[in-house]
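Q: PDB, N, CA and C atoms, saved as run.pdb, coming up:
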ATOM      1  N   SER C  22      55.203  68.620  26.193
ATOM      2  CA  SER C  22      56.398  68.872  25.409
ATOM      3  C   SER C  22      56.402  68.026  24.135
ATOM      4  N   PHE C  23      55.864  66.825  24.207
ATOM      5  CA  PHE C  23      55.831  65.933  23.047
ATOM      6  C   PHE C  23      54.653  66.253  22.130
ATOM      7  N   PHE C  24      53.513  66.592  22.711
ATOM      8  CA  PHE C  24      52.298  66.831  21.933
ATOM      9  C   PHE C  24      52.336  68.098  21.086
ATOM     10  N   PRO C  25      52.913  69.198  21.546
ATOM     11  CA  PRO C  25      52.995  70.372  20.654
ATOM     12  C   PRO C  25      53.813  70.086  19.385
ATOM     13  N   GLY C  26      54.843  69.268  19.509
ATOM     14  CA  GLY C  26      55.629  68.899  18.329
ATOM     15  C   GLY C  26      54.806  68.091  17.340
ATOM     16  N   ILE C  27      54.014  67.159  17.869
ATOM     17  CA  ILE C  27      53.130  66.363  17.003
ATOM     18  C   ILE C  27      52.089  67.265  16.359
ATOM     19  N   ALA C  28      51.534  68.190  17.137
ATOM     20  CA  ALA C  28      50.525  69.101  16.603
ATOM     21  C   ALA C  28      51.106  69.953  15.474
ATOM     22  N   CYS C  29      52.299  70.455  15.650
ATOM     23  CA  CYS C  29      52.936  71.244  14.587
ATOM     24  C   CYS C  29      53.180  70.396  13.355
ATOM     25  N   GLY C  30      53.601  69.141  13.549
ATOM     26  CA  GLY C  30      53.826  68.238  12.425
ATOM     27  C   GLY C  30      52.543  67.954  11.663
ATOM     28  N   VAL C  31      51.455  67.768  12.388
ATOM     29  CA  VAL C  31      50.161  67.512  11.743
ATOM     30  C   VAL C  31      49.714  68.730  10.945
ATOM     31  N   ILE C  32      49.901  69.910  11.498
ATOM     32  CA  ILE C  32      49.513  71.136  10.790
ATOM     33  C   ILE C  32      50.335  71.299   9.514
ATOM     34  N   VAL C  33      51.635  71.083   9.599
ATOM     35  CA  VAL C  33      52.499  71.222   8.421
ATOM     36  C   VAL C  33      52.137  70.180   7.369
ATOM     37  N   CYS C  34      51.922  68.933   7.784
ATOM     38  CA  CYS C  34      51.561  67.879   6.830
ATOM     39  C   CYS C  34      50.190  68.144   6.207
ATOM     40  N   GLY C  35      49.248  68.617   6.986
ATOM     41  CA  GLY C  35      47.927  68.945   6.454
ATOM     42  C   GLY C  35      47.991  70.071   5.440
ATOM     43  N   TYR C  36      48.797  71.079   5.744
ATOM     44  CA  TYR C  36      48.975  72.187   4.809
ATOM     45  C   TYR C  36      49.629  71.692   3.516
ATOM     46  N   GLY C  37      50.628  70.843   3.664
ATOM     47  CA  GLY C  37      51.309  70.292   2.497
ATOM     48  C   GLY C  37      50.373  69.467   1.635
ATOM     49  N   GLN C  38      49.510  68.687   2.265
ATOM     50  CA  GLN C  38      48.554  67.867   1.528
ATOM     51  C   GLN C  38      47.594  68.739   0.720
ATOM     52  N   VAL C  39      47.064  69.758   1.345
ATOM     53  CA  VAL C  39      46.134  70.649   0.658
ATOM     54  C   VAL C  39      46.832  71.357  -0.495
ATOM     55  N   MET C  40      48.022  71.852  -0.267
ATOM     56  CA  MET C  40      48.747  72.559  -1.323
ATOM     57  C   MET C  40      49.102  71.628  -2.479
ATOM     58  N   PHE C  41      49.496  70.384  -2.173
ATOM     59  CA  PHE C  41      49.822  69.424  -3.223
ATOM     60  C   PHE C  41      48.622  69.185  -4.125
ATOM     61  N   TRP C  42      47.468  68.961  -3.551
ATOM     62  CA  TRP C  42      46.282  68.674  -4.362
ATOM     63  C   TRP C  42      45.803  69.909  -5.106
ATOM     64  N   MET C  43      45.982  71.073  -4.541
ATOM     65  CA  MET C  43      45.589  72.289  -5.261
ATOM     66  C   MET C  43      46.485  72.516  -6.479
ATOM     67  N   VAL C  44      47.782  72.305  -6.313
ATOM     68  CA  VAL C  44      48.706  72.472  -7.438
ATOM     69  C   VAL C  44      48.426  71.418  -8.506
ATOM     70  N   ALA C  45      48.217  70.173  -8.092
ATOM     71  CA  ALA C  45      47.911  69.108  -9.054
ATOM     72  C   ALA C  45      46.613  69.406  -9.796
ATOM     73  N   SER C  46      45.634  69.917  -9.093
ATOM     74  CA  SER C  46      44.355  70.261  -9.703
ATOM     75  C   SER C  46      44.510  71.387 -10.712
ATOM     76  N   GLU C  47      45.280  72.402 -10.366
ATOM     77  CA  GLU C  47      45.507  73.522 -11.285
ATOM     78  C   GLU C  47      46.231  73.064 -12.551
ATOM     79  N   ARG C  48      47.214  72.206 -12.386
ATOM     80  CA  ARG C  48      47.951  71.712 -13.551
ATOM     81  C   ARG C  48      47.059  70.877 -14.462
ATOM     82  N   GLN C  49      46.266  69.999 -13.863
ATOM     83  CA  GLN C  49      45.372  69.167 -14.674
ATOM     84  C   GLN C  49      44.330  70.022 -15.398
ATOM     85  N   THR C  50      43.782  70.992 -14.719
ATOM     86  CA  THR C  50      42.810  71.887 -15.338
ATOM     87  C   THR C  50      43.460  72.665 -16.485
ATOM     88  N   HIS C  51      44.683  73.097 -16.291
ATOM     89  CA  HIS C  51      45.390  73.820 -17.347
ATOM     90  C   HIS C  51      45.590  72.939 -18.577
ATOM     91  N   ARG C  52      45.970  71.677 -18.383
ATOM     92  CA  ARG C  52      46.147  70.760 -19.516
ATOM     93  C   ARG C  52      44.844  70.539 -20.265
ATOM     94  N   ILE C  53      43.777  70.313 -19.541
ATOM     95  CA  ILE C  53      42.483  70.080 -20.175
ATOM     96  C   ILE C  53      42.029  71.319 -20.921
ATOM     97  N   ARG C  54      42.222  72.473 -20.313
ATOM     98  CA  ARG C  54      41.815  73.728 -20.952
ATOM     99  C   ARG C  54      42.590  73.962 -22.248
ATOM    100  N   LYS C  55      43.894  73.722 -22.253
ATOM    101  CA  LYS C  55      44.688  73.878 -23.475
ATOM    102  C   LYS C  55      44.219  72.912 -24.566
ATOM    103  N   HIS C  56      43.970  71.681 -24.194
ATOM    104  CA  HIS C  56      43.501  70.694 -25.177
ATOM    105  C   HIS C  56      42.136  71.088 -25.726
ATOM    106  N   PHE C  57      41.253  71.532 -24.853
ATOM    107  CA  PHE C  57      39.910  71.905 -25.282
ATOM    108  C   PHE C  57      39.949  73.094 -26.240
ATOM    109  N   TYR C  58      40.730  74.105 -25.903
ATOM    110  CA  TYR C  58      40.825  75.280 -26.773
ATOM    111  C   TYR C  58      41.444  74.923 -28.127
ATOM    112  N   SER C  59      42.418  74.030 -28.137
ATOM    113  CA  SER C  59      42.998  73.632 -29.421
ATOM    114  C   SER C  59      41.976  72.894 -30.281
ATOM    115  N   GLN C  60      41.065  72.158 -29.643
ATOM    116  CA  GLN C  60      40.012  71.480 -30.398
ATOM    117  C   GLN C  60      38.956  72.463 -30.908
ATOM    118  N   ILE C  61      38.682  73.508 -30.154
ATOM    119  CA  ILE C  61      37.718  74.521 -30.601
ATOM    120  C   ILE C  61      38.264  75.263 -31.815
ATOM    121  N   ILE C  62      39.567  75.547 -31.795
ATOM    122  CA  ILE C  62      40.185  76.265 -32.908
ATOM    123  C   ILE C  62      40.070  75.455 -34.209
ATOM    124  N   ARG C  63      40.056  74.148 -34.112
ATOM    125  CA  ARG C  63      40.010  73.284 -35.296
ATOM    126  C   ARG C  63      38.604  73.124 -35.890
ATOM    127  N   GLN C  64      37.600  73.681 -35.245
ATOM    128  CA  GLN C  64      36.233  73.541 -35.754
ATOM    129  C   GLN C  64      36.055  74.334 -37.047
ATOM    130  N   ASN C  65      35.122  73.893 -37.866
ATOM    131  CA  ASN C  65      34.780  74.640 -39.075
ATOM    132  C   ASN C  65      34.188  75.992 -38.696
ATOM    133  N   ILE C  66      34.294  76.948 -39.583
ATOM    134  CA  ILE C  66      33.828  78.308 -39.299
ATOM    135  C   ILE C  66      32.325  78.338 -39.052
ATOM    136  N   GLY C  67      31.569  77.441 -39.649
ATOM    137  CA  GLY C  67      30.128  77.394 -39.457
ATOM    138  C   GLY C  67      29.737  77.035 -38.029
ATOM    139  N   TRP C  68      30.597  76.329 -37.350
ATOM    140  CA  TRP C  68      30.316  75.950 -35.955
ATOM    141  C   TRP C  68      30.202  77.190 -35.082
ATOM    142  N   PHE C  69      31.004  78.191 -35.365
ATOM    143  CA  PHE C  69      30.994  79.415 -34.563
ATOM    144  C   PHE C  69      29.752  80.258 -34.835
ATOM    145  N   ASP C  70      29.109  80.046 -35.993
ATOM    146  CA  ASP C  70      27.863  80.762 -36.285
ATOM    147  C   ASP C  70      26.708  80.231 -35.447
ATOM    148  N   THR C  71      26.751  78.973 -35.073
ATOM    149  CA  THR C  71      25.651  78.357 -34.323
ATOM    150  C   THR C  71      25.870  78.407 -32.815
ATOM    151  N   HIS C  72      27.060  78.732 -32.359
ATOM    152  CA  HIS C  72      27.363  78.797 -30.924
ATOM    153  C   HIS C  72      27.818  80.203 -30.574
ATOM    154  N   GLU C  73      27.193  80.806 -29.585
ATOM    155  CA  GLU C  73      27.567  82.150 -29.162
ATOM    156  C   GLU C  73      28.831  82.107 -28.315
ATOM    157  N   SER C  74      29.698  83.078 -28.490
ATOM    158  CA  SER C  74      30.976  83.085 -27.769
ATOM    159  C   SER C  74      30.786  83.318 -26.268
ATOM    160  N   GLY C  75      29.873  84.188 -25.894
ATOM    161  CA  GLY C  75      29.647  84.441 -24.468
ATOM    162  C   GLY C  75      29.127  83.219 -23.748
ATOM    163  N   GLU C  76      28.244  82.491 -24.405
ATOM    164  CA  GLU C  76      27.710  81.263 -23.814
ATOM    165  C   GLU C  76      28.814  80.230 -23.633
ATOM    166  N   LEU C  77      29.658  80.096 -24.647
ATOM    167  CA  LEU C  77      30.757  79.138 -24.583
ATOM    168  C   LEU C  77      31.741  79.504 -23.477
ATOM    169  N   ASN C  78      32.099  80.779 -23.390
ATOM    170  CA  ASN C  78      33.042  81.215 -22.353
ATOM    171  C   ASN C  78      32.505  80.995 -20.954
ATOM    172  N   SER C  79      31.255  81.347 -20.720
ATOM    173  CA  SER C  79      30.700  81.179 -19.377
ATOM    174  C   SER C  79      30.577  79.706 -19.010
ATOM    175  N   ARG C  80      30.200  78.888 -19.971
ATOM    176  CA  ARG C  80      30.078  77.454 -19.671
ATOM    177  C   ARG C  80      31.448  76.837 -19.411
ATOM    178  N   LEU C  81      32.446  77.206 -20.205
ATOM    179  CA  LEU C  81      33.793  76.678 -19.991
ATOM    180  C   LEU C  81      34.327  77.079 -18.623
ATOM    181  N   THR C  82      34.148  78.319 -18.280
ATOM    182  CA  THR C  82      34.623  78.783 -16.976
ATOM    183  C   THR C  82      33.942  78.025 -15.852
ATOM    184  N   ARG C  83      32.637  77.863 -15.940
ATOM    185  CA  ARG C  83      31.886  77.144 -14.916
ATOM    186  C   ARG C  83      32.341  75.689 -14.809
ATOM    187  N   GLU C  84      32.526  75.036 -15.957
ATOM    188  CA  GLU C  84      32.935  73.633 -15.958
ATOM    189  C   GLU C  84      34.346  73.448 -15.406
ATOM    190  N   PHE C  85      35.266  74.321 -15.791
ATOM    191  CA  PHE C  85      36.632  74.184 -15.320
ATOM    192  C   PHE C  85      36.753  74.480 -13.830
ATOM    193  N   VAL C  86      35.994  75.426 -13.340
ATOM    194  CA  VAL C  86      36.020  75.713 -11.905
ATOM    195  C   VAL C  86      35.474  74.527 -11.118
ATOM    196  N   SER C  87      34.382  73.945 -11.597
ATOM    197  CA  SER C  87      33.824  72.796 -10.886
ATOM    198  C   SER C  87      34.753  71.595 -10.971
ATOM    199  N   PHE C  88      35.419  71.392 -12.110
ATOM    200  CA  PHE C  88      36.386  70.295 -12.219
ATOM    201  C   PHE C  88      37.547  70.507 -11.267
ATOM    202  N   ASN C  89      38.045  71.712 -11.224
ATOM    203  CA  ASN C  89      39.172  72.033 -10.351
ATOM    204  C   ASN C  89      38.809  71.777  -8.889
ATOM    205  N   ASP C  90      37.648  72.224  -8.475
ATOM    206  CA  ASP C  90      37.202  72.007  -7.096
ATOM    207  C   ASP C  90      37.037  70.522  -6.795
ATOM    208  N   MET C  91      36.420  69.802  -7.730
ATOM    209  CA  MET C  91      36.185  68.381  -7.530
ATOM    210  C   MET C  91      37.495  67.616  -7.436
ATOM    211  N   TYR C  92      38.424  67.913  -8.311
ATOM    212  CA  TYR C  92      39.692  67.190  -8.353
ATOM    213  C   TYR C  92      40.489  67.418  -7.078
ATOM    214  N   SER C  93      40.583  68.655  -6.636
ATOM    215  CA  SER C  93      41.394  68.940  -5.451
ATOM    216  C   SER C  93      40.748  68.393  -4.184
ATOM    217  N   LEU C  94      39.440  68.527  -4.051
ATOM    218  CA  LEU C  94      38.765  68.036  -2.852
ATOM    219  C   LEU C  94      38.713  66.511  -2.808
ATOM    220  N   ARG C  95      38.456  65.877  -3.943
ATOM    221  CA  ARG C  95      38.334  64.422  -3.969
ATOM    222  C   ARG C  95      39.665  63.756  -3.673
ATOM    223  N   GLY C  96      40.749  64.312  -4.168
ATOM    224  CA  GLY C  96      42.062  63.741  -3.889
ATOM    225  C   GLY C  96      42.392  63.788  -2.409
ATOM    226  N   GLN C  97      42.063  64.881  -1.769
ATOM    227  CA  GLN C  97      42.312  65.001  -0.336
ATOM    228  C   GLN C  97      41.472  64.002   0.446
ATOM    229  N   GLU C  98      40.211  63.848   0.044
ATOM    230  CA  GLU C  98      39.333  62.910   0.744
ATOM    231  C   GLU C  98      39.807  61.473   0.594
ATOM    232  N   GLU C  99      40.322  61.118  -0.578
ATOM    233  CA  GLU C  99      40.820  59.756  -0.801
ATOM    234  C   GLU C  99      41.989  59.449   0.122
ATOM    235  N   ILE C 100      42.919  60.382   0.254
ATOM    236  CA  ILE C 100      44.067  60.160   1.135
ATOM    237  C   ILE C 100      43.606  60.026   2.578
ATOM    238  N   GLU C 101      42.689  60.871   3.001
ATOM    239  CA  GLU C 101      42.189  60.788   4.363
ATOM    240  C   GLU C 101      41.471  59.469   4.612
ATOM    241  N   ASP C 102      40.701  58.991   3.631
ATOM    242  CA  ASP C 102      40.017  57.699   3.775
ATOM    243  C   ASP C 102      41.009  56.556   3.901
ATOM    244  N   VAL C 103      42.085  56.591   3.118
ATOM    245  CA  VAL C 103      43.094  55.544   3.198
ATOM    246  C   VAL C 103      43.785  55.581   4.543
ATOM    247  N   MET C 104      44.101  56.765   5.030
ATOM    248  CA  MET C 104      44.768  56.885   6.327
ATOM    249  C   MET C 104      43.882  56.373   7.453
ATOM    250  N   ILE C 105      42.599  56.673   7.380
ATOM    251  CA  ILE C 105      41.669  56.190   8.405
ATOM    252  C   ILE C 105      41.539  54.677   8.323
ATOM    253  N   ALA C 106      41.465  54.136   7.103
ATOM    254  CA  ALA C 106      41.343  52.685   6.938
ATOM    255  C   ALA C 106      42.583  51.978   7.460
ATOM    256  N   LYS C 107      43.757  52.524   7.241
ATOM    257  CA  LYS C 107      45.008  51.919   7.726
ATOM    258  C   LYS C 107      45.048  51.938   9.249
ATOM    259  N   LYS C 108      44.522  52.992   9.831
ATOM    260  CA  LYS C 108      44.534  53.104  11.286
ATOM    261  C   LYS C 108      43.581  52.093  11.914
ATOM    262  N   ILE C 109      42.454  51.855  11.270
ATOM    263  CA  ILE C 109      41.463  50.934  11.821
ATOM    264  C   ILE C 109      41.926  49.487  11.724
ATOM    265  N   THR C 110      42.545  49.126  10.594
ATOM    266  CA  THR C 110      42.916  47.719  10.402
ATOM    267  C   THR C 110      44.271  47.392  10.941
TER     268      THR C 110
END
How would this structure read if it were set down as structure tokens?

A:
Amino acid sequence: SFFPGIACGVIVCGYGQVMFWMVASERQTHRIRKHFYSQIIRQNIGWFDTHESGELNSRLTREFVSFNDMYSLRGQEEIEDVMIAKKIT
């Protein structure tokens, strides 16, 4: 009777943790993407002659996806490491 309640609490807290880091990751990626695009717009016109648009788009997409994955996963791992360290000591 006591353990199912704890199990439900752990599931809800785990879901909340994952969702928190995913939302934080999406927001951070959005900020970086807006800043990056504003800097690209400020480049001289000659810069666009030397860089292909398709190459730039594919690289940006790849980089932002990897940043988003890294940020959300690393944040979750840090919290879990702290929780484990607190339990041990």

Q: Given the choices C:Ile66, C:Val103, C:Cys29, C:Met91, which gets closest to Ser46 of chain C if the distance is worked out from only C-alpha atoms?

A: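 Checking each of C:Ile66, C:Val103, C:Cys29, C:Met91 against Ser46 of chain C, counting only C-alpha atoms, the winner is C:Met91.
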
Q: Can you tell me which residues surround segment 81-89 of chain C at a distance of at most 7 Å, considering all atoms listed in the file, apart from same-chain residues fewer than 3 positions away, and format the answer as an MDAnalysis selection string?

A: chainID C and resid 46:47 50 76:78 92:94

Q: Mind pulling up the distance from atom N of Ile53 of chain C to atom N of Cys34 of chain C?

A: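 We find that atom N of Cys34 of chain C and atom N of Ile53 of chain C lie 28.5 Å from each other.
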
Q: Grab the atom CA of Glu99 of chain C to atom N of Val44 of chain C distance for me, in Å with one decimal place.

A: 15.4 Å
